[in-house]
Structure formats: structure tokens, C-alpha cells
$ cat structure.cif   # mmCIF, C-alpha atoms
data_start
#
loop_
_atom_site.label_atom_id
_atom_site.label_comp_id
_atom_site.auth_asym_id
_atom_site.auth_seq_id
_atom_site.Cartn_x
_atom_site.Cartn_y
_atom_site.Cartn_z
CA MET S 4 32.32 -45.37 -45.07
CA LYS S 5 31.75 -42.82 -42.31
CA ILE S 6 32.29 -43.75 -38.70
CA THR S 7 32.45 -42.13 -35.28
CA VAL S 8 35.40 -42.88 -33.00
CA LEU S 9 35.09 -42.26 -29.25
CA TYR S 10 37.95 -42.07 -26.75
CA PHE S 11 37.67 -42.61 -23.01
CA ALA S 12 39.65 -41.98 -19.83
CA ARG S 13 43.44 -41.72 -20.20
CA LEU S 14 43.15 -42.20 -23.97
CA ARG S 15 40.67 -39.29 -24.25
CA GLU S 16 43.17 -37.07 -22.42
CA ALA S 17 46.06 -38.24 -24.64
CA ILE S 18 44.09 -37.59 -27.85
CA GLY S 19 42.85 -34.25 -26.52
CA ARG S 20 39.15 -34.72 -27.35
CA ASP S 21 36.43 -37.29 -26.80
CA ARG S 22 35.47 -38.09 -30.42
CA ASP S 23 36.32 -37.90 -34.10
CA GLU S 24 34.31 -38.43 -37.26
CA PHE S 25 36.15 -40.11 -40.12
CA ALA S 26 35.43 -40.97 -43.74
CA LEU S 27 37.51 -44.13 -44.08
CA PRO S 28 39.32 -45.22 -47.23
CA GLY S 29 37.86 -48.36 -48.79
CA GLU S 30 40.56 -50.70 -47.53
CA VAL S 31 39.88 -49.94 -43.85
CA LYS S 32 37.16 -52.50 -43.17
CA THR S 33 37.97 -53.89 -39.73
CA LEU S 34 38.74 -52.64 -36.25
CA GLY S 35 42.35 -53.78 -36.58
CA ALA S 36 42.73 -51.94 -39.88
CA LEU S 37 41.26 -48.80 -38.30
CA ARG S 38 43.75 -49.00 -35.44
CA GLY S 39 46.63 -49.25 -37.91
CA TRP S 40 45.21 -46.43 -40.05
CA LEU S 41 44.93 -44.11 -37.04
CA ILE S 42 48.47 -44.86 -35.85
CA ALA S 43 49.77 -44.24 -39.40
CA ARG S 44 48.13 -40.78 -39.37
CA GLY S 45 50.70 -39.73 -36.74
CA ALA S 46 50.02 -37.46 -33.78
CA PRO S 47 48.07 -37.64 -31.58
CA TRP S 48 47.10 -41.28 -32.32
CA SER S 49 50.61 -42.68 -32.79
CA GLU S 50 51.77 -41.34 -29.40
CA ALA S 51 48.57 -42.18 -27.53
CA PHE S 52 48.32 -45.73 -28.88
CA GLY S 53 52.03 -46.23 -28.22
CA GLU S 54 52.04 -44.96 -24.64
CA ILE S 55 48.90 -46.58 -23.30
CA LYS S 56 49.13 -50.32 -22.85
CA ARG S 57 46.46 -52.86 -23.67
CA ILE S 58 44.02 -50.46 -25.35
CA ARG S 59 40.68 -52.20 -25.74
CA ALA S 60 37.90 -51.40 -28.18
CA ALA S 61 34.19 -51.67 -28.78
CA VAL S 62 32.21 -51.55 -32.00
CA ASP S 63 28.61 -50.37 -31.69
CA GLN S 64 28.89 -50.64 -27.90
CA ALA S 65 30.02 -54.27 -27.75
CA MET S 66 33.58 -55.37 -26.88
CA ALA S 67 35.37 -56.11 -30.14
CA GLY S 68 38.54 -57.71 -31.47
CA ASP S 69 40.76 -56.63 -34.35
CA ASP S 70 38.89 -58.74 -36.93
CA THR S 71 35.50 -57.16 -36.09
CA PRO S 72 34.10 -55.64 -39.30
CA LEU S 73 33.16 -51.96 -39.49
CA THR S 74 30.08 -50.74 -41.33
CA ASP S 75 28.86 -47.32 -42.42
CA GLY S 76 27.75 -45.40 -39.33
CA SER S 77 29.64 -47.65 -36.88
CA GLU S 78 30.41 -46.23 -33.45
CA VAL S 79 33.92 -47.35 -32.50
CA ALA S 80 35.35 -46.71 -29.05
CA PHE S 81 38.95 -47.07 -27.84
CA PHE S 82 39.79 -47.12 -24.14
CA PRO S 83 42.25 -48.43 -21.52
CA PRO S 84 41.42 -51.55 -19.46
CA VAL S 85 38.34 -50.87 -17.33
CA THR S 86 38.62 -50.11 -13.60
CA GLY S 87 35.09 -49.87 -12.24
CA GLY S 88 33.53 -51.53 -9.22
CA MET D 26 16.62 -57.48 -13.54
CA THR D 27 17.60 -53.86 -13.01
CA VAL D 28 20.78 -51.98 -13.90
CA ARG D 29 21.31 -48.35 -12.95
CA VAL D 30 24.22 -45.95 -13.42
CA GLN D 31 23.80 -42.82 -11.31
CA GLY D 32 25.62 -40.00 -9.58
CA ASP D 33 23.52 -40.22 -6.43
CA ASP D 34 24.26 -42.44 -3.45
CA PHE D 35 22.07 -45.51 -2.84
CA ASP D 36 20.33 -46.98 0.20
CA ALA D 37 21.16 -50.69 0.17
CA GLY D 38 18.38 -51.59 2.61
CA ALA D 39 15.72 -49.87 0.53
CA GLU D 40 17.12 -51.36 -2.69
CA ILE D 41 17.07 -54.89 -1.22
CA ALA D 42 13.50 -54.49 0.05
CA ARG D 43 12.40 -53.28 -3.40
CA LEU D 44 14.14 -56.16 -5.18
CA ARG D 45 12.61 -58.76 -2.83
CA GLY D 46 9.22 -57.13 -3.36
CA GLY D 47 7.62 -59.42 -0.77
CA ASP D 48 8.15 -62.46 -3.03
CA PRO D 49 7.74 -65.56 -0.78
CA LYS D 50 9.84 -67.65 -3.21
CA VAL D 51 12.94 -65.69 -2.19
CA GLY D 52 14.89 -67.74 0.35
CA ALA D 53 18.26 -66.03 -0.03
CA VAL D 54 19.50 -62.50 -0.64
CA ALA D 55 23.21 -61.95 -1.32
CA SER D 56 24.57 -58.43 -1.65
CA PHE D 57 27.90 -56.76 -2.27
CA ILE D 58 28.81 -53.12 -1.75
CA GLY D 59 32.06 -51.72 -3.15
CA VAL D 60 33.37 -48.73 -1.21
CA ALA D 61 36.00 -46.06 -1.95
CA ARG D 62 39.17 -46.53 0.13
CA ASP D 63 41.51 -43.80 1.39
CA VAL D 64 44.74 -45.46 0.21
CA ASN D 65 45.67 -46.97 -3.17
CA ASP D 66 49.11 -48.26 -4.19
CA GLY D 67 50.55 -46.72 -1.03
CA ASP D 68 49.26 -43.19 -1.62
CA ARG D 69 46.54 -41.32 0.20
CA VAL D 70 43.48 -40.78 -2.00
CA ALA D 71 41.48 -37.57 -1.62
CA THR D 72 38.89 -38.07 -4.37
CA LEU D 73 37.92 -40.69 -6.89
CA THR D 74 36.21 -39.72 -10.15
CA LEU D 75 34.36 -42.37 -12.13
CA GLU D 76 33.90 -42.01 -15.89
CA HIS D 77 31.75 -44.36 -17.99
CA TYR D 78 30.60 -44.99 -21.55
CA PRO D 79 26.92 -44.03 -21.57
CA GLY D 80 24.88 -46.68 -23.32
CA MET D 81 27.57 -49.34 -23.52
CA THR D 82 27.96 -49.46 -19.74
CA GLU D 83 24.29 -50.26 -19.23
CA ARG D 84 24.37 -52.83 -22.04
CA ALA D 85 27.46 -54.49 -20.59
CA LEU D 86 25.92 -54.71 -17.12
CA GLU D 87 22.68 -56.11 -18.54
CA GLY D 88 24.68 -58.69 -20.49
CA ILE D 89 26.57 -59.76 -17.36
CA CYS D 90 23.31 -60.14 -15.40
CA ALA D 91 21.80 -62.14 -18.28
CA GLN D 92 24.79 -64.51 -18.20
CA ALA D 93 24.36 -64.97 -14.45
CA ARG D 94 20.66 -65.76 -14.93
CA LYS D 95 21.54 -68.40 -17.52
CA ARG D 96 24.13 -69.96 -15.27
CA TRP D 97 22.21 -70.08 -11.98
CA ASN D 98 18.63 -70.45 -10.91
CA ILE D 99 18.15 -66.97 -9.53
CA ILE D 100 15.04 -64.88 -9.03
CA ASP D 101 16.26 -61.34 -9.62
CA ILE D 102 19.40 -59.19 -9.84
CA LEU D 103 20.06 -55.51 -9.19
CA VAL D 104 23.21 -53.59 -10.09
CA VAL D 105 23.64 -49.92 -9.12
CA HIS D 106 26.93 -48.22 -10.02
CA ARG D 107 27.82 -44.63 -9.25
CA ILE D 108 29.70 -42.18 -11.49
CA GLY D 109 31.19 -38.75 -10.87
CA GLU D 110 33.31 -37.58 -7.96
CA LEU D 111 33.44 -39.74 -4.83
CA ARG D 112 35.41 -39.59 -1.58
CA PRO D 113 36.85 -42.26 0.71
CA THR D 114 34.07 -44.18 2.54
CA ASP D 115 31.56 -43.37 -0.25
CA GLN D 116 29.68 -46.31 -1.74
CA ILE D 117 30.57 -47.08 -5.37
CA VAL D 118 28.63 -50.16 -6.42
CA LEU D 119 25.80 -52.37 -5.18
CA VAL D 120 24.98 -55.87 -6.45
CA VAL D 121 22.01 -57.76 -5.01
CA VAL D 122 20.91 -61.26 -6.06
CA THR D 123 17.80 -63.08 -4.84
CA SER D 124 17.27 -66.81 -5.17
CA ALA D 125 15.56 -69.73 -3.44
CA HIS D 126 18.80 -70.99 -1.86
CA ARG D 127 22.02 -69.30 -0.79
CA GLY D 128 24.44 -71.12 -3.10
CA GLU D 129 23.06 -69.54 -6.26
CA ALA D 130 22.81 -66.07 -4.71
CA PHE D 131 26.39 -66.10 -3.38
CA ALA D 132 27.86 -67.43 -6.62
CA ALA D 133 25.91 -65.14 -8.93
CA CYS D 134 26.75 -62.06 -6.84
CA GLU D 135 30.48 -62.83 -7.00
CA PHE D 136 30.25 -63.66 -10.72
CA VAL D 137 28.55 -60.33 -11.51
CA MET D 138 31.23 -58.40 -9.61
CA ASP D 139 34.11 -60.31 -11.22
CA TYR D 140 32.73 -59.60 -14.69
CA LEU D 141 31.80 -56.00 -13.88
CA LYS D 142 35.42 -55.33 -12.81
CA THR D 143 36.80 -56.55 -16.15
CA GLU D 144 34.04 -55.94 -18.74
CA ALA D 145 31.92 -52.92 -17.77
CA PRO D 146 33.31 -49.67 -19.20
CA PHE D 147 34.05 -47.60 -16.11
CA TRP D 148 37.36 -45.85 -15.39
CA LYS D 149 38.59 -44.39 -12.10
CA LYS D 150 40.80 -41.35 -11.74
CA GLU D 151 42.09 -40.55 -8.26
CA THR D 152 43.67 -37.49 -6.73
CA THR D 153 46.63 -38.08 -4.42
CA PRO D 154 49.21 -35.73 -2.83
CA GLY D 155 51.31 -36.34 -5.99
CA GLY D 156 48.51 -35.23 -8.31
CA ALA D 157 45.72 -36.85 -10.32
CA ARG D 158 46.24 -40.29 -11.89
CA TRP D 159 44.22 -42.97 -13.64
CA VAL D 160 43.80 -46.14 -11.62
CA GLU D 161 45.59 -49.12 -13.22
CA ALA D 162 43.67 -52.31 -13.96
CA ARG D 163 44.71 -55.16 -11.65
CA ARG D 164 45.90 -58.51 -12.90
CA GLY D 165 44.03 -60.11 -9.99
CA ASP D 166 40.73 -58.93 -11.48
CA ASP D 167 41.42 -60.76 -14.75
CA GLU D 168 42.38 -63.87 -12.78
CA ALA D 169 39.20 -63.66 -10.71
CA ARG D 170 37.11 -63.61 -13.87
CA ALA D 171 39.12 -66.38 -15.52
CA ARG D 172 38.20 -68.78 -12.69
CA TRP D 173 34.60 -68.77 -13.93
CA GLU D 174 35.66 -69.51 -17.50
CA HIS D 175 37.94 -72.39 -16.60
CA GLY D 176 35.32 -74.09 -14.48
CA GLU D 177 37.21 -73.62 -11.21
CA LYS D 178 34.21 -71.81 -9.80
CA ARG D 179 30.78 -73.31 -10.28
CA THR D 180 27.72 -73.98 -8.21
#

$ encode --input "structure.cif" --output "C-alpha cells"
Amino acid sequence: MKITVLYFARLREAIGRDRDEFALPGEVKTLGALRGWLIARGAPWSEAFGEIKRIRAAVDQAMAGDDTPLTDGSEVAFFPPVTGG
Amino acid sequence: MTVRVQGDDFDAGAEIARLRGGDPKVGAVASFIGVARDVNDGDRVATLTLEHYPGMTERALEGICAQARKRWNIIDILVVHRIGELRPTDQIVLVVVTSAHRGEAFAACEFVMDYLKTEAPFWKKETTPGGARWVEARRGDDEARARWEHGEKRT
């Protein structure tokens, strides 16, 4: 399964770029599994996800929780709590 | 229902007139304008830069407006939110709600702002004498939104 991962704000700066494309191993089927898989890859994800508190996520542009399933072509985004308005 | 994300400033008077559109059913217009302040967390702020998630931001704002329409009997809603670099006193966000009576317009306007603050993907970075820093989310914003979910606020 191929997916796109986007990073925003402080997380984008910590990762050092605004997106990645990944071909995921078969067992990574949910948002929570993806988060764990990224952190297990090491730098820069392990540091960034460790330093920034309460990282939120969206799948296909809708707010998502760890049990949200991923599908081929999914657009996943990780970002800090929002501060608009 | 209109949602816009733009770099340019907005003219609240012109936006309100356009939203009302001469509709004689409109008996109440409630509006909110969020403005950039010159001090945050005790430090002087020189500039404020707003980042967003193109596509998702518009969808999130439309979803919030749709929830407000389900909850109250309102005629129309407008949300305009700016992105890019702003300075103290600059306008950041405009919410306008029209309805037959004031109760719905007031409540829906506050509801849209409370949800926008916690659900719409915007992030602020400010420059201060100590350097640039990302603005931290406030616990009070989560609490403001939670009031609507727990039924403490209702019309």
C-alpha cells in the first residue's frame, strides 16, 4: 500500500520537509500502526514525535484517531494542536 | 454558506452586506472579528504567520458551518480566515451569521469560533524579541468547545 504523509507547522520543521511517500508493509493498516512504524524507523520521526506533544492526525483530510484504517493512496497528515482564529 | 481562506484583508461591512443580500427574512446579524494582538504570553509580538492545510482547512470550516446550521435555525454563515504574515492590529478571521432572531445568530457565531479554534487546521508562528516560536494551543479553547458538547451551552 502506497500512501502520502504530510507534516505541518512545528512538526514539518522537526522532520525537515513537508511530505513523504511510503510503500507500507502489509501489517501497517491503521493510523496508529503507521505512527508506531514511523517512530520505529528512527530519526527524524522518533525525535519529532517524542518532542512535540499531542500530535494530531488526519486521514484523507478528516480528523482521525489511531484506529482509522489506511487504504492505498491515503493522504495522512500529522500536525500539532491547531492554533487558528 | 461561504468559507474562504485568503491572504488579503477583508472589509467586514462589505462582507456583511453581501451575506444579507437584501433578504427581508434576516432579523439578526451577529459577527465576530479576530485580531492580531501585540503581546502574547508576556512577549511583544512583531509578526504573526499563519500556516494552513489547503483543502482540509476549507473542508473543516464547511463541516463546522454545517453543524451550526443543523443545530440552529440560521439563514446563512460566512467564514473568512487569513493566512500568511500578519502584524498586530491586522484582522485574522471574520465570522458572520444571519438569522431571524438574535439568539440563534449569537449562539451559532460563538459555536463556529469555538470549533474553528480547536478543529480547523491553522497554525500560528510569531516573532518576538527572543526569536520565532510556534503559538501553543490553549486549554481554554478546548474547554470552550467542550461546553457545546456537554450541553452547557444551547439555544

$ resolve_selection --input "structure.cif" --expression "the PyMOL selection byres ((chain S and resi 87) around 6)" --output "number ranges by chain"
S: 86, 88; D: 142, 147-148

$ closest_residue --input "structure.cif" --among "D:Arg62, D:Arg94, D:His126, D:Arg84" --to "chain S" --atoms "all atoms listed in the file"
D:Arg84

$ resolve_selection --input "structure.cif" --expression "the PyMOL selection byres ((chain S and resi 78) around 7)" --output "compact mmCIF listing (two decimals) with C-alpha atoms, in the coordinates of the input"
# COMPACT_ATOMS: atom_id res chain seq x y z
CA ILE S 6 32.29 -43.75 -38.70
CA THR S 7 32.45 -42.13 -35.28
CA VAL S 8 35.40 -42.88 -33.00
CA VAL S 62 32.21 -51.55 -32.00
CA ASP S 63 28.61 -50.37 -31.69
CA GLY S 76 27.75 -45.40 -39.33
CA SER S 77 29.64 -47.65 -36.88
CA VAL S 79 33.92 -47.35 -32.50
CA ALA S 80 35.35 -46.71 -29.05

$ resolve_selection --input "structure.cif" --expression "the PyMOL selection byres ((chain D) within 8 of (chain S))" --output "VMD selection string"
chain D and resid 59 75 to 78 80 to 81 84 to 85 106 117 to 118 138 141 to 149 159 to 162

$ residues_around --input "structure.cif" --residues "Glu40 in chain D" --least-positions-apart "4" --cutoff "9 Å" --atoms "all atoms listed in the file" --output "ChimeraX atom specification"
/D:35-36,44-45,103,121

$ closest_residue --input "structure.cif" --among "S:Lys56, S:Ala67, S:Pro47, S:Asp75" --to "Leu34 in chain S" --atoms "all atoms listed in the file"
S:Ala67

$ residues_around --input "structure.cif" --residues "Gly53 in chain S" --least-positions-apart "6" --cutoff "12 Å" --atoms "only C-alpha atoms" --output "VMD selection string"
chain S and resid 14 17 to 18 38 to 39 41 to 43 45 to 47

$ build_atoms --input "structure.cif" --residues "range 42-67 of chain S" --atoms "N, CA and C atoms" --output "tab-separated table (two decimals), in the coordinates of the input"
chain	number	residue	atom	x	y	z
S	42	ILE	N	47.07	-44.98	-36.29
S	42	ILE	CA	48.47	-44.86	-35.85
S	42	ILE	C	49.32	-44.29	-37.00
S	43	ALA	N	49.01	-44.71	-38.23
S	43	ALA	CA	49.77	-44.24	-39.40
S	43	ALA	C	49.52	-42.76	-39.68
S	44	ARG	N	48.41	-42.21	-39.17
S	44	ARG	CA	48.13	-40.78	-39.37
S	44	ARG	C	49.10	-39.90	-38.58
S	45	GLY	N	49.75	-40.50	-37.55
S	45	GLY	CA	50.70	-39.73	-36.74
S	45	GLY	C	50.04	-39.20	-35.49
S	46	ALA	N	50.54	-38.04	-35.02
S	46	ALA	CA	50.02	-37.46	-33.78
S	46	ALA	C	48.57	-37.02	-33.98
S	47	PRO	N	47.74	-37.14	-32.93
S	47	PRO	CA	48.07	-37.64	-31.58
S	47	PRO	C	47.92	-39.16	-31.43
S	48	TRP	N	47.41	-39.85	-32.49
S	48	TRP	CA	47.10	-41.28	-32.32
S	48	TRP	C	48.35	-42.12	-32.11
S	49	SER	N	49.41	-41.84	-32.89
S	49	SER	CA	50.61	-42.68	-32.79
S	49	SER	C	51.17	-42.65	-31.37
S	50	GLU	N	51.25	-41.44	-30.76
S	50	GLU	CA	51.77	-41.34	-29.40
S	50	GLU	C	50.81	-42.01	-28.40
S	51	ALA	N	49.54	-41.67	-28.52
S	51	ALA	CA	48.57	-42.18	-27.53
S	51	ALA	C	48.50	-43.70	-27.57
S	52	PHE	N	48.43	-44.27	-28.78
S	52	PHE	CA	48.32	-45.73	-28.88
S	52	PHE	C	49.65	-46.41	-28.52
S	53	GLY	N	50.75	-45.66	-28.61
S	53	GLY	CA	52.03	-46.23	-28.22
S	53	GLY	C	52.25	-46.21	-26.72
S	54	GLU	N	51.78	-45.13	-26.08
S	54	GLU	CA	52.04	-44.96	-24.64
S	54	GLU	C	51.13	-45.79	-23.76
S	55	ILE	N	49.88	-45.94	-24.17
S	55	ILE	CA	48.90	-46.58	-23.30
S	55	ILE	C	48.83	-48.07	-23.63
S	56	LYS	N	49.06	-48.88	-22.61
S	56	LYS	CA	49.13	-50.32	-22.85
S	56	LYS	C	47.75	-50.95	-22.90
S	57	ARG	N	47.66	-52.02	-23.63
S	57	ARG	CA	46.46	-52.86	-23.67
S	57	ARG	C	45.19	-52.05	-23.97
S	58	ILE	N	45.22	-51.21	-24.98
S	58	ILE	CA	44.02	-50.46	-25.35
S	58	ILE	C	42.98	-51.43	-25.87
S	59	ARG	N	41.78	-51.33	-25.32
S	59	ARG	CA	40.68	-52.20	-25.74
S	59	ARG	C	39.73	-51.39	-26.63
S	60	ALA	N	38.78	-52.10	-27.25
S	60	ALA	CA	37.90	-51.40	-28.18
S	60	ALA	C	36.51	-52.02	-28.18
S	61	ALA	N	35.56	-51.21	-28.60
S	61	ALA	CA	34.19	-51.67	-28.78
S	61	ALA	C	33.70	-51.17	-30.13
S	62	VAL	N	32.87	-51.98	-30.78
S	62	VAL	CA	32.21	-51.55	-32.00
S	62	VAL	C	30.71	-51.61	-31.74
S	63	ASP	N	30.04	-50.49	-31.97
S	63	ASP	CA	28.61	-50.37	-31.69
S	63	ASP	C	28.28	-50.87	-30.28
S	64	GLN	N	29.11	-50.43	-29.33
S	64	GLN	CA	28.89	-50.64	-27.90
S	64	GLN	C	28.99	-52.09	-27.44
S	65	ALA	N	29.72	-52.90	-28.20
S	65	ALA	CA	30.02	-54.27	-27.75
S	65	ALA	C	31.53	-54.46	-27.86
S	66	MET	N	32.14	-55.11	-26.85
S	66	MET	CA	33.58	-55.37	-26.88
S	66	MET	C	33.94	-56.05	-28.19
S	67	ALA	N	35.05	-55.63	-28.80
S	67	ALA	CA	35.37	-56.11	-30.14
S	67	ALA	C	36.85	-56.41	-30.29
